[in-house]
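S.K.: Just run.csv, nothing more (CSV, C-alpha atoms):
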chain,number,residue,atom,x,y,z
A,1117,MET,CA,124.5,32.3,104.8
A,1118,SER,CA,123.2,31.5,101.4
A,1119,ALA,CA,119.7,32.6,100.3
A,1120,ALA,CA,118.6,28.9,100.1
A,1121,GLU,CA,119.1,28.5,103.8
A,1122,ILE,CA,116.8,31.3,104.9
A,1123,HIS,CA,113.3,30.3,105.7
A,1124,ALA,CA,112.6,32.5,108.7
A,1125,CYS,CA,114.3,35.6,110.1
A,1126,ASP,CA,114.2,37.9,113.1
A,1127,PHE,CA,112.4,41.0,112.1
A,1128,LEU,CA,111.2,44.1,113.8
A,1129,LEU,CA,107.5,44.5,112.8
A,1130,ILE,CA,106.2,48.1,113.1
A,1131,ARG,CA,102.4,48.3,113.2
A,1132,TYR,CA,100.1,51.0,111.7
A,1133,ARG,CA,96.4,50.9,111.2
A,1134,HIS,CA,96.4,49.8,107.6
A,1135,SER,CA,100.0,48.8,107.0
A,1136,GLU,CA,102.9,47.1,108.7
A,1137,PHE,CA,106.7,47.3,108.2
A,1138,PHE,CA,109.4,44.7,108.5
A,1139,ILE,CA,112.9,45.7,109.4
A,1140,ASN,CA,115.7,43.2,109.4
A,1141,ARG,CA,116.7,42.7,113.1
A,1142,SER,CA,120.4,42.6,112.0
A,1143,ASN,CA,120.1,46.2,110.9
A,1144,PHE,CA,120.1,47.6,114.5
A,1145,SER,CA,121.9,46.8,117.7
A,1146,GLY,CA,119.8,48.4,120.5
A,1147,SER,CA,116.9,50.6,121.4
A,1148,VAL,CA,116.0,53.4,123.8
A,1149,VAL,CA,112.8,55.3,124.6
A,1150,TYR,CA,112.7,58.4,122.4
A,1151,SER,CA,113.7,61.6,124.1
A,1152,LYS,CA,114.8,64.6,122.1
A,1153,ALA,CA,118.0,66.2,123.4
A,1154,ALA,CA,118.4,69.0,120.9
A,1155,GLU,CA,117.6,70.4,117.5
A,1156,SER,CA,120.0,69.4,114.7
A,1157,GLY,CA,119.3,72.4,112.5
A,1158,CYS,CA,119.2,70.1,109.6
A,1159,ARG,CA,117.4,71.2,106.4
A,1160,CYS,CA,115.8,67.7,106.1
A,1161,ARG,CA,112.7,67.7,108.3
A,1162,TYR,CA,113.1,64.0,109.1
A,1163,LEU,CA,116.6,64.6,110.6
A,1164,SER,CA,115.7,67.5,112.9
A,1165,ASP,CA,116.3,65.8,116.2
A,1166,ILE,CA,119.4,64.8,118.2
A,1167,ILE,CA,119.0,62.2,120.9
A,1168,ARG,CA,121.2,61.1,123.7
A,1169,TYR,CA,122.3,57.4,123.8
A,1170,GLY,CA,124.4,56.8,126.9
A,1171,GLU,CA,127.3,59.2,126.8
A,1172,ILE,CA,127.0,60.0,123.1
A,1173,THR,CA,124.7,62.1,121.0
A,1174,LEU,CA,123.2,60.8,117.7
A,1175,PRO,CA,121.4,62.2,114.8
A,1176,ALA,CA,117.9,60.7,114.6
A,1177,PHE,CA,116.0,59.9,111.4
A,1178,ASP,CA,112.3,60.2,112.1
A,1179,VAL,CA,111.1,57.0,110.3
A,1180,ASP,CA,107.6,57.3,112.0
A,1181,ARG,CA,107.0,60.7,110.5
A,1182,TYR,CA,108.4,59.6,107.1
A,1183,LEU,CA,106.1,56.6,107.0
A,1184,GLN,CA,103.1,58.7,107.9
A,1185,ASP,CA,104.0,61.3,105.2
A,1186,HIS,CA,104.9,59.0,102.3
A,1187,PHE,CA,103.2,55.6,103.0
A,1188,LYS,CA,99.9,57.2,104.3
A,1189,SER,CA,100.5,55.2,107.5
A,1190,VAL,CA,98.2,56.0,110.4
A,1191,PRO,CA,99.6,55.3,113.9
A,1192,GLU,CA,97.6,53.7,116.6
A,1193,ASN,CA,99.5,55.5,119.4
A,1194,THR,CA,101.9,58.4,119.7
A,1195,SER,CA,104.7,57.1,121.9
A,1196,LYS,CA,108.0,56.5,120.2
A,1197,LEU,CA,111.2,54.5,120.4
A,1198,CYS,CA,114.6,54.9,118.9
A,1199,ILE,CA,116.5,51.9,117.4
A,1200,ILE,CA,120.2,52.4,117.1
A,1201,SER,CA,122.2,51.4,114.0
A,1202,ARG,CA,125.9,51.6,113.1
A,1203,TYR,CA,127.2,52.8,109.7
A,1204,ARG,CA,130.6,52.8,108.1
A,1205,LYS,CA,132.6,55.9,107.3
A,1206,GLY,CA,132.2,56.7,103.6
A,1207,SER,CA,129.1,54.6,103.3
A,1208,ALA,CA,126.0,55.9,101.5
A,1209,ALA,CA,124.4,56.7,104.9
A,1210,ASP,CA,127.5,58.6,106.0
A,1211,LEU,CA,127.6,60.6,102.8
A,1212,ALA,CA,123.8,61.3,103.0
A,1213,LEU,CA,124.1,62.6,106.6
A,1214,GLN,CA,127.2,64.7,105.8
A,1215,SER,CA,125.3,66.3,102.9
A,1216,VAL,CA,122.5,67.6,105.0
A,1217,LEU,CA,123.6,67.9,108.6
A,1218,PRO,CA,125.1,71.4,109.5
A,1219,SER,CA,128.8,71.5,109.4
A,1220,ASP,CA,128.9,73.3,112.8
A,1221,PRO,CA,130.3,70.9,115.5
A,1222,LEU,CA,127.3,69.1,116.9
A,1223,TYR,CA,129.6,66.5,118.6
A,1224,LEU,CA,127.5,63.7,117.0
A,1225,SER,CA,128.6,60.1,116.8
A,1226,ALA,CA,130.4,59.5,113.5
A,1227,ASP,CA,129.3,55.9,113.2
A,1228,ARG,CA,125.9,55.5,114.9
A,1229,LEU,CA,122.5,56.8,114.0
A,1230,ALA,CA,119.1,56.5,115.7
A,1231,PHE,CA,115.9,55.7,113.8
A,1232,ILE,CA,112.7,57.0,115.5
A,1233,ILE,CA,109.8,54.6,115.2
A,1234,THR,CA,106.4,54.1,116.7
A,1235,SER,CA,106.4,52.1,119.9
A,1236,ASP,CA,103.7,49.8,118.4
A,1237,ALA,CA,106.4,47.3,117.3
A,1238,GLU,CA,107.6,43.8,118.1
A,1239,ILE,CA,110.6,41.7,117.4
A,1240,GLY,CA,109.8,38.2,116.2
A,1241,LYS,CA,110.7,35.4,113.8
A,1242,PHE,CA,108.8,35.7,110.6
A,1243,SER,CA,108.7,33.4,107.5
A,1244,VAL,CA,110.5,34.8,104.5
A,1245,ASN,CA,108.4,32.6,102.3
A,1246,THR,CA,105.3,34.8,102.8
A,1247,MET,CA,107.1,37.8,101.2
A,1248,HIS,CA,106.8,38.5,97.5
A,1249,LEU,CA,108.9,40.5,95.1
A,1250,LEU,CA,107.2,43.6,93.9
A,1251,PRO,CA,105.9,43.7,90.3
A,1252,ALA,CA,108.9,43.6,87.9
A,1253,ARG,CA,108.6,47.0,86.4
A,1254,LEU,CA,108.3,48.8,89.8
A,1255,ARG,CA,110.9,46.7,91.6
A,1256,LEU,CA,114.0,48.7,91.0
A,1257,HIS,CA,112.3,52.1,91.7
A,1258,CYS,CA,110.8,50.7,94.9
A,1259,ARG,CA,114.2,49.4,96.0
A,1260,GLU,CA,115.9,52.7,95.4
A,1261,ASN,CA,113.3,54.2,97.8
A,1262,GLY,CA,113.8,51.6,100.4
A,1263,ILE,CA,110.9,49.1,99.7
A,1264,LEU,CA,112.4,45.7,99.2
A,1265,SER,CA,109.3,43.4,99.0
A,1266,CYS,CA,105.9,43.0,100.5
A,1267,SER,CA,103.3,40.6,101.8
A,1268,PHE,CA,99.7,40.7,102.8
A,1269,GLU,CA,98.2,39.8,106.1
A,1270,HIS,CA,94.6,40.3,107.3
A,1271,HIS,CA,93.7,43.2,104.9
A,1272,LYS,CA,97.0,44.9,105.6
A,1273,ILE,CA,100.0,45.3,103.4
A,1274,ARG,CA,103.4,44.5,105.0
A,1275,TYR,CA,106.3,46.3,103.4
A,1276,PHE,CA,109.8,45.0,103.9
A,1277,ILE,CA,111.9,48.2,104.1
A,1278,ASP,CA,115.6,49.1,104.4
A,1279,LEU,CA,116.1,52.0,106.8
A,1280,PHE,CA,119.4,53.3,105.3
A,1281,THR,CA,117.9,53.4,101.8
A,1282,LEU,CA,114.8,55.2,103.3
A,1283,LEU,CA,117.2,57.7,104.8
A,1284,GLY,CA,119.1,58.1,101.5
A,1285,SER,CA,115.8,58.6,99.7
A,1286,ALA,CA,114.6,61.3,102.1
A,1287,VAL,CA,117.9,63.2,101.9
A,1288,ARG,CA,117.8,62.9,98.0
A,1289,ARG,CA,114.4,64.6,98.0
A,1290,VAL,CA,115.7,67.5,100.1
A,1291,SER,CA,118.8,67.8,97.8
A,1292,ASN,CA,116.7,67.8,94.7
B,1447,MET,CA,59.7,1.1,44.9
B,1448,ARG,CA,61.0,4.5,45.9
B,1449,GLN,CA,63.3,6.0,43.3
B,1450,ILE,CA,66.8,6.8,44.5
B,1451,PRO,CA,67.8,10.3,43.4
B,1452,GLU,CA,70.8,10.4,41.2
B,1453,MET,CA,74.0,11.0,43.3
B,1454,PRO,CA,77.1,12.8,41.9
B,1455,ASP,CA,80.2,10.7,41.8
B,1456,ASN,CA,83.5,12.0,43.2
B,1457,ASP,CA,84.8,13.3,40.0
B,1458,GLU,CA,81.7,15.4,39.6
B,1459,ILE,CA,82.1,16.8,43.2
B,1460,LEU,CA,85.8,17.7,42.5
B,1461,ALA,CA,84.8,19.4,39.3
B,1462,GLN,CA,82.3,21.5,41.2
B,1463,ILE,CA,85.0,22.4,43.9
B,1464,SER,CA,87.5,23.5,41.2
B,1465,ARG,CA,84.9,25.6,39.3
B,1466,PRO,CA,85.6,29.4,39.5
B,1467,GLY,CA,83.3,31.2,41.9
B,1468,ASN,CA,82.8,28.1,44.0
B,1469,GLN,CA,84.4,29.6,47.1
B,1470,GLU,CA,82.3,31.1,49.9
B,1471,ASP,CA,81.7,34.9,49.9
B,1472,PRO,CA,85.1,36.3,51.2
B,1473,ALA,CA,83.3,38.8,53.4
B,1474,ALA,CA,81.5,36.0,55.2
B,1475,ALA,CA,84.7,34.1,55.9
B,1476,GLU,CA,86.6,37.2,57.1
B,1477,GLU,CA,89.0,36.7,60.0
B,1478,THR,CA,87.8,37.9,63.4
B,1479,GLU,CA,89.5,38.6,66.7
B,1480,LYS,CA,88.1,38.4,70.2
B,1481,TYR,CA,88.0,41.7,72.2
B,1482,VAL,CA,87.0,42.4,75.8
B,1483,ILE,CA,84.9,45.7,75.9
B,1484,PHE,CA,85.1,47.5,79.2
B,1485,ASP,CA,83.8,50.7,80.8
B,1486,ILE,CA,85.8,53.3,82.6
B,1487,ASP,CA,83.4,55.8,84.1
B,1488,GLY,CA,81.1,56.0,81.1
B,1489,ARG,CA,83.7,55.6,78.3
B,1490,SER,CA,84.1,52.3,76.5
B,1491,PHE,CA,87.5,50.7,75.6
B,1492,ALA,CA,88.5,47.4,74.1
B,1493,LEU,CA,91.4,45.1,74.8
B,1494,PRO,CA,92.4,42.1,72.6
B,1495,GLY,CA,91.1,39.0,74.4
B,1496,ALA,CA,94.5,37.4,74.2
B,1497,GLN,CA,95.8,40.0,76.6
B,1498,VAL,CA,93.2,39.4,79.2
B,1499,GLN,CA,94.0,36.7,81.8
B,1500,GLU,CA,91.2,37.2,84.2
B,1501,ILE,CA,88.6,39.6,85.6
B,1502,VAL,CA,88.5,40.0,89.4
B,1503,ILE,CA,86.3,42.0,91.6
B,1504,ASP,CA,86.2,43.6,95.1
B,1505,TYR,CA,89.9,43.7,95.7
B,1506,GLU,CA,91.3,46.3,98.1
B,1507,ILE,CA,94.0,48.6,96.6
B,1508,PHE,CA,97.1,49.0,98.8
B,1509,TYR,CA,98.9,52.2,98.4
B,1510,LEU,CA,102.5,52.1,97.1
B,1511,PRO,CA,104.5,55.4,97.5
B,1512,PHE,CA,106.8,57.1,95.1
B,1513,MET,CA,104.8,56.0,92.1
B,1514,PRO,CA,103.3,58.1,89.3
B,1515,PRO,CA,99.7,59.1,90.1
B,1516,TYR,CA,98.1,56.6,87.6
B,1517,ILE,CA,99.7,53.7,89.5
B,1518,ARG,CA,97.1,53.5,92.3
B,1519,GLY,CA,99.0,50.8,94.2
B,1520,LEU,CA,98.9,47.0,94.5
B,1521,ILE,CA,96.2,44.4,94.8
B,1522,ASN,CA,96.7,41.1,96.5
B,1523,ARG,CA,95.9,38.3,94.1
B,1524,HIS,CA,96.6,34.9,95.7
B,1525,GLY,CA,99.2,36.6,97.9
B,1526,GLU,CA,101.1,38.1,94.9
B,1527,PRO,CA,101.2,41.9,94.5
B,1528,TYR,CA,99.8,43.2,91.2
B,1529,THR,CA,100.3,46.7,89.9
B,1530,VAL,CA,97.0,48.6,89.6
B,1531,ILE,CA,96.9,51.0,86.6
B,1532,ASP,CA,94.2,53.7,86.7
B,1533,LEU,CA,93.6,54.7,83.0
B,1534,LYS,CA,91.2,57.4,84.0
B,1535,ILE,CA,94.0,59.3,85.7
B,1536,LEU,CA,96.2,58.7,82.6
B,1537,PHE,CA,93.5,60.1,80.2
B,1538,GLN,CA,91.6,62.6,82.4
B,1539,GLN,CA,93.7,63.2,85.5
B,1540,GLN,CA,90.8,62.0,87.7
B,1541,PRO,CA,90.9,58.9,89.8
B,1542,LEU,CA,88.4,56.1,89.1
B,1543,ASP,CA,86.2,54.8,91.9
B,1544,GLY,CA,86.2,51.2,90.8
B,1545,LYS,CA,86.3,47.8,92.3
B,1546,LYS,CA,86.9,45.6,89.2
B,1547,PHE,CA,90.2,44.7,87.7
B,1548,ILE,CA,91.4,43.2,84.4
B,1549,ILE,CA,94.4,41.0,85.1
B,1550,ILE,CA,96.7,41.5,82.1
B,1551,ARG,CA,98.3,38.4,80.6
B,1552,ASP,CA,102.1,39.3,80.8
B,1553,ALA,CA,104.8,36.7,81.1
B,1554,TYR,CA,107.2,39.3,82.6
B,1555,ASP,CA,105.1,41.3,85.0
B,1556,LYS,CA,102.0,41.4,87.2
B,1557,LEU,CA,99.7,44.1,85.9
B,1558,SER,CA,96.0,45.0,86.4
B,1559,LEU,CA,93.7,47.7,85.0
B,1560,LEU,CA,91.2,49.3,87.3
B,1561,ILE,CA,87.8,49.5,85.5
B,1562,THR,CA,84.2,50.3,86.2
B,1563,ASP,CA,82.8,47.2,84.5
B,1564,ILE,CA,83.1,44.6,81.8
B,1565,LEU,CA,80.5,45.4,79.0
B,1566,LYS,CA,80.9,42.4,76.7
B,1567,ILE,CA,83.2,40.1,74.9
B,1568,VAL,CA,82.8,40.2,71.1
B,1569,ASN,CA,84.4,38.9,67.9
B,1570,ILE,CA,85.3,41.8,65.7
B,1571,LYS,CA,85.9,41.6,62.0
B,1572,LYS,CA,89.2,43.1,60.7
B,1573,SER,CA,87.1,45.3,58.3
B,1574,SER,CA,85.6,47.0,61.4
B,1575,ILE,CA,89.0,48.3,62.5
B,1576,ARG,CA,89.8,51.9,61.8
B,1577,PRO,CA,92.8,54.2,62.6
B,1578,VAL,CA,92.6,56.3,65.7
B,1579,THR,CA,91.8,60.0,65.1
B,1580,ALA,CA,93.8,62.6,66.9
B,1581,GLN,CA,90.5,63.8,68.5
B,1582,THR,CA,90.3,60.7,70.6
B,1583,THR,CA,91.4,61.5,74.2
B,1584,GLY,CA,94.6,59.6,75.0
B,1585,SER,CA,95.0,58.7,71.3
B,1586,GLY,CA,98.7,57.8,71.9
B,1587,TYR,CA,97.6,54.8,74.0
B,1588,PHE,CA,95.4,53.2,71.4
B,1589,LEU,CA,96.2,50.8,68.5
B,1590,TYR,CA,93.0,51.6,66.5
B,1591,THR,CA,89.3,51.9,67.0
B,1592,ALA,CA,86.8,49.1,66.4
B,1593,ALA,CA,83.3,49.7,65.1
B,1594,ILE,CA,80.9,48.0,67.5
B,1595,ASP,CA,77.2,48.7,67.7
B,1596,ASN,CA,77.6,51.9,65.7
B,1597,ALA,CA,80.3,53.2,68.0
B,1598,ASP,CA,84.0,53.5,67.5
B,1599,ILE,CA,85.6,51.9,70.6
B,1600,PRO,CA,89.3,52.6,71.1
B,1601,VAL,CA,91.5,49.5,71.5
B,1602,LEU,CA,94.1,49.9,74.2
B,1603,HIS,CA,97.7,49.5,73.2
B,1604,ILE,CA,98.9,48.0,76.5
B,1605,ASP,CA,102.6,48.1,75.4
B,1606,THR,CA,102.4,51.9,75.3
B,1607,VAL,CA,101.0,52.1,78.8
B,1608,VAL,CA,103.8,49.7,80.0
B,1609,LYS,CA,106.4,51.8,78.2
B,1610,LYS,CA,105.1,54.9,80.0
B,1611,ILE,CA,105.4,53.1,83.4
B,1612,GLU,CA,109.0,52.1,82.6
B,1613,ILE,CA,109.9,55.7,81.7
B,1614,ASP,CA,108.1,57.3,84.6
B,1615,VAL,CA,109.6,55.0,87.3
B,1616,SER,CA,113.1,55.3,85.9
B,1617,ARG,CA,113.2,59.1,86.4
Will you turn the file into structure tokens for me?

M.R.:
Amino acid sequence: MSAAEIHACDFLLIRYRHSEFFINRSNFSGSVVYSKAAESGCRCRYLSDIIRYGEITLPAFDVDRYLQDHFKSVPENTSKLCIISRYRKGSAADLALQSVLPSDPLYLSADRLAFIITSDAEIGKFSVNTMHLLPARLRLHCRENGILSCSFEHHKIRYFIDLFTLLGSAVRRVSN
Amino acid sequence: MRQIPEMPDNDEILAQISRPGNQEDPAAAEETEKYVIFDIDGRSFALPGAQVQEIVIDYEIFYLPFMPPYIRGLINRHGEPYTVIDLKILFQQQPLDGKKFIIIRDAYDKLSLLITDILKIVNIKKSSIRPVTAQTTGSGYFLYTAAIDNADIPVLHIDTVVKKIEIDVSR
């Protein structure tokens, strides 16, 4: 699909008290209620949980905690969901996970990952036209940290974020 | 009949114009430039008027993570995000509690300065401009100082501030 054809897209909108986050619906394939199955032993605090998804176990990146820590997001409730995404072997996400997850066999899925989010979220069609590129001199730095664009709605800022870049950014901070 | 005073003819006028010393006093005709004088927590600064697009008030600052401390976040100006630069953090490592913003005229980017207030807009003669002394806090960010009302007001070099942003966010 060319960029000119996109006017509205399906997004997951995650809500916090003073901010909201758009995630492209095509970035995940399913969701489950968050239930921690085990500790990963990972040195990155945002990747400390393992969850069960059907017959498989997945590493879980705690997006909710990350957004609270780095975006000063204040949750309205404490219940959580997991959204499930696939990644390719050798991709940036794969390399990031390999660099911080313990090498001991955890029998984790090699191509799926869970992202823990607040349950205060909805999927809907939102206009792309309301989103704006970030100021030019900050744009690349924001993108490298997972912030793609933003918009404003009712005294709230809405960040359009990329989950895998957010994960890479969190892992990079641990490695540095 | 009323007597008509003798009027000079055109040649006489031209002769007067071409006479040495006919020009106005050079000091009186000196070139001036417009400056916006603003206050940041009790300190006055100036910015060339050509670099000021607009003054806006009562905008909420939205936090933007992973930025150097002097970038306080974004303001929503007609739906467009503008970077908020806090010069007090840059000069004194203290955040400014302000609600007014100078929107910088910049064809490439959307920038604003957080300020306490606008003090005045003045025309400054070039002879009133002096070099910045090393004693001026944040002297690296100023072009020169301008003598206004018996005070030397530092004139902000916005390009230096912008350069610092570019360096800091590329690390």

S.K.: I'd like a table as JSON lines: residues in chain B with an atom no more than 12 Å from chain A, each row giving the shortest atom pair and its distance in Å to one decimal, all atoms listed in the file counted, sorted by chain and rising residue number.

M.R.:
{"residue": "B:Tyr1505", "atom": "CA", "partner": "A:His1271", "partner_atom": "CA", "distance": 10.0}
{"residue": "B:Glu1506", "atom": "CA", "partner": "A:His1271", "partner_atom": "CA", "distance": 7.8}
{"residue": "B:Ile1507", "atom": "CA", "partner": "A:Ile1273", "partner_atom": "CA", "distance": 9.7}
{"residue": "B:Phe1508", "atom": "CA", "partner": "A:Ile1273", "partner_atom": "CA", "distance": 6.6}
{"residue": "B:Tyr1509", "atom": "CA", "partner": "A:Phe1187", "partner_atom": "CA", "distance": 7.2}
{"residue": "B:Leu1510", "atom": "CA", "partner": "A:Phe1187", "partner_atom": "CA", "distance": 6.9}
{"residue": "B:Pro1511", "atom": "CA", "partner": "A:Phe1187", "partner_atom": "CA", "distance": 5.7}
{"residue": "B:Phe1512", "atom": "CA", "partner": "A:Cys1258", "partner_atom": "CA", "distance": 7.5}
{"residue": "B:Met1513", "atom": "CA", "partner": "A:Leu1254", "partner_atom": "CA", "distance": 8.3}
{"residue": "B:Pro1514", "atom": "CA", "partner": "A:Leu1254", "partner_atom": "CA", "distance": 10.6}
{"residue": "B:Ile1517", "atom": "CA", "partner": "A:Leu1254", "partner_atom": "CA", "distance": 9.9}
{"residue": "B:Gly1519", "atom": "CA", "partner": "A:Leu1254", "partner_atom": "CA", "distance": 10.5}
{"residue": "B:Leu1520", "atom": "CA", "partner": "A:Pro1251", "partner_atom": "CA", "distance": 8.8}
{"residue": "B:Ile1521", "atom": "CA", "partner": "A:Ile1273", "partner_atom": "CA", "distance": 9.4}
{"residue": "B:Asn1522", "atom": "CA", "partner": "A:Phe1268", "partner_atom": "CA", "distance": 7.0}
{"residue": "B:Arg1523", "atom": "CA", "partner": "A:Phe1268", "partner_atom": "CA", "distance": 9.8}
{"residue": "B:His1524", "atom": "CA", "partner": "A:Phe1268", "partner_atom": "CA", "distance": 9.7}
{"residue": "B:Gly1525", "atom": "CA", "partner": "A:Phe1268", "partner_atom": "CA", "distance": 6.4}
{"residue": "B:Glu1526", "atom": "CA", "partner": "A:His1248", "partner_atom": "CA", "distance": 6.3}
{"residue": "B:Pro1527", "atom": "CA", "partner": "A:Leu1250", "partner_atom": "CA", "distance": 6.3}
{"residue": "B:Tyr1528", "atom": "CA", "partner": "A:Pro1251", "partner_atom": "CA", "distance": 6.2}
{"residue": "B:Thr1529", "atom": "CA", "partner": "A:Pro1251", "partner_atom": "CA", "distance": 6.4}
{"residue": "B:Val1530", "atom": "CA", "partner": "A:Pro1251", "partner_atom": "CA", "distance": 10.2}
{"residue": "B:Asp1552", "atom": "CA", "partner": "A:Ala1252", "partner_atom": "CA", "distance": 10.7}
{"residue": "B:Ala1553", "atom": "CA", "partner": "A:Ala1252", "partner_atom": "CA", "distance": 10.5}
{"residue": "B:Tyr1554", "atom": "CA", "partner": "A:Ala1252", "partner_atom": "CA", "distance": 7.0}
{"residue": "B:Asp1555", "atom": "CA", "partner": "A:Ala1252", "partner_atom": "CA", "distance": 5.3}
{"residue": "B:Lys1556", "atom": "CA", "partner": "A:Pro1251", "partner_atom": "CA", "distance": 5.5}
{"residue": "B:Leu1557", "atom": "CA", "partner": "A:Pro1251", "partner_atom": "CA", "distance": 7.6}
{"residue": "B:Ser1558", "atom": "CA", "partner": "A:Pro1251", "partner_atom": "CA", "distance": 10.7}
{"residue": "B:Val1607", "atom": "CA", "partner": "A:Arg1253", "partner_atom": "CA", "distance": 11.9}
{"residue": "B:Val1608", "atom": "CA", "partner": "A:Arg1253", "partner_atom": "CA", "distance": 8.4}
{"residue": "B:Lys1609", "atom": "CA", "partner": "A:Arg1253", "partner_atom": "CA", "distance": 9.8}
{"residue": "B:Lys1610", "atom": "CA", "partner": "A:Arg1253", "partner_atom": "CA", "distance": 10.8}
{"residue": "B:Ile1611", "atom": "CA", "partner": "A:Arg1253", "partner_atom": "CA", "distance": 7.5}
{"residue": "B:Glu1612", "atom": "CA", "partner": "A:Arg1253", "partner_atom": "CA", "distance": 6.4}
{"residue": "B:Ile1613", "atom": "CA", "partner": "A:Arg1253", "partner_atom": "CA", "distance": 10.0}
{"residue": "B:Asp1614", "atom": "CA", "partner": "A:His1257", "partner_atom": "CA", "distance": 9.8}
{"residue": "B:Val1615", "atom": "CA", "partner": "A:His1257", "partner_atom": "CA", "distance": 5.9}
{"residue": "B:Ser1616", "atom": "CA", "partner": "A:His1257", "partner_atom": "CA", "distance": 6.7}
{"residue": "B:Arg1617", "atom": "CA", "partner": "A:His1257", "partner_atom": "CA", "distance": 8.8}

S.K.: At a cut-off of 6 Å around the point (108.0, 49.2, 109.9) (file coordinates), what residues fall inside when counting all atoms listed in the file? I'd like the answer as a list in words.

M.R.: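 Nearby residues: Leu1129, Ile1130, Glu1136, Phe1137 and Phe1138 of chain A.
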
S.K.: From the list B:Leu1536, B:Leu1589, B:Ala1461, B:Ile1594, which residue is nearest Pro1494 (chain B) when using all atoms listed in the file?

M.R.: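 Smallest separation from Pro1494 (chain B) among the options: B:Leu1589.
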
S.K.: Around the point (91.6, 39.9, 59.6) (coordinates from the file), which residues reach within 10 Å if we count all atoms listed in the file? Answer as a PyMOL selection string.

M.R.: chain B and resi 1475-1479+1570-1575

S.K.: Considering all atoms listed in the file, state which residue in the set B:Ser1585, B:Thr1606, B:Gln1539, B:Thr1562 is at the smallest distance from Val1502 (chain B).

M.R.: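 Closest residue, counting all atoms listed in the file: B:Thr1562.
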
S.K.: Go through A:Leu1174, A:Ile1232, A:Leu1217, A:Ala1208 one by one, measure the shortest atom-to-atom distance of each to Gly1157 (chain A) using all atoms listed in the file, and give the residue with the smallest value.

M.R.: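 Closest residue, counting all atoms listed in the file: A:Leu1217.
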
S.K.: Tell me which protein, DNA and RNA residues are within 10 Å of Asp1543 (chain B), counting all atoms listed in the file, leaving out same-chain ones fewer than 3 positions away, and put them as a list in words.

M.R.: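 Contacts, with the query itself left out: Ile1486, Asp1487, Asp1532, Lys1534, Gln1540, Lys1546, Leu1560, Ile1561 and Thr1562 of chain B.
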
S.K.: Could you check which of A:Leu1224, A:Ile1199, A:Val1287, A:Ala1212 is closest to Phe1144 (chain A), using all atoms listed in the file?

M.R.: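 Checking each of A:Leu1224, A:Ile1199, A:Val1287, A:Ala1212 against Phe1144 (chain A), counting all atoms listed in the file, the winner is A:Ile1199.
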
S.K.: Between B:Arg1576, B:Arg1551, B:Arg1518, B:Lys1545, single out the one closest to Thr1591 (chain B), counting only C-alpha atoms.

M.R.: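 Smallest separation from Thr1591 (chain B) among the options: B:Arg1576.
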
S.K.: Write out as a PyMOL selection string each polymer residue whose atoms come within 10 Å of Glu1192 (chain A), counting all atoms listed in the file; drop sequence neighbours fewer than 2 positions from it.

M.R.: chain A and resi 1131-1134+1189-1190+1194-1195+1234-1236

S.K.: Using the partial input, fill out region 1515-1526 of chain B with N, CA and C atoms; write the result as a tab-separated table (two decimals), in the coordinates of the input.

M.R.:
chain	number	residue	atom	x	y	z
B	1515	PRO	N	101.04	59.08	89.55
B	1515	PRO	CA	99.70	59.10	90.10
B	1515	PRO	C	98.78	57.97	89.47
B	1516	TYR	N	99.00	57.60	88.20
B	1516	TYR	CA	98.10	56.60	87.60
B	1516	TYR	C	98.42	55.18	88.03
B	1517	ILE	N	99.47	55.01	88.83
B	1517	ILE	CA	99.70	53.70	89.50
B	1517	ILE	C	99.08	53.84	90.88
B	1518	ARG	N	97.90	53.26	91.04
B	1518	ARG	CA	97.10	53.50	92.30
B	1518	ARG	C	97.68	52.64	93.43
B	1519	GLY	N	98.45	51.61	93.14
B	1519	GLY	CA	99.00	50.80	94.20
B	1519	GLY	C	99.03	49.33	93.78
B	1520	LEU	N	98.76	48.46	94.76
B	1520	LEU	CA	98.90	47.00	94.50
B	1520	LEU	C	97.56	46.33	94.95
B	1521	ILE	N	97.22	45.26	94.27
B	1521	ILE	CA	96.20	44.40	94.80
B	1521	ILE	C	96.82	43.04	95.14
B	1522	ASN	N	96.19	42.38	96.08
B	1522	ASN	CA	96.70	41.10	96.50
B	1522	ASN	C	95.91	39.98	95.82
B	1523	ARG	N	96.53	39.40	94.81
B	1523	ARG	CA	95.90	38.30	94.10
B	1523	ARG	C	96.61	37.01	94.42
B	1524	HIS	N	95.98	36.20	95.21
B	1524	HIS	CA	96.60	34.90	95.70
B	1524	HIS	C	97.90	35.18	96.38
B	1525	GLY	N	98.01	36.27	97.13
B	1525	GLY	CA	99.20	36.60	97.90
B	1525	GLY	C	100.28	37.32	97.06
B	1526	GLU	N	100.08	37.41	95.75
B	1526	GLU	CA	101.10	38.10	94.90
B	1526	GLU	C	100.63	39.53	94.64
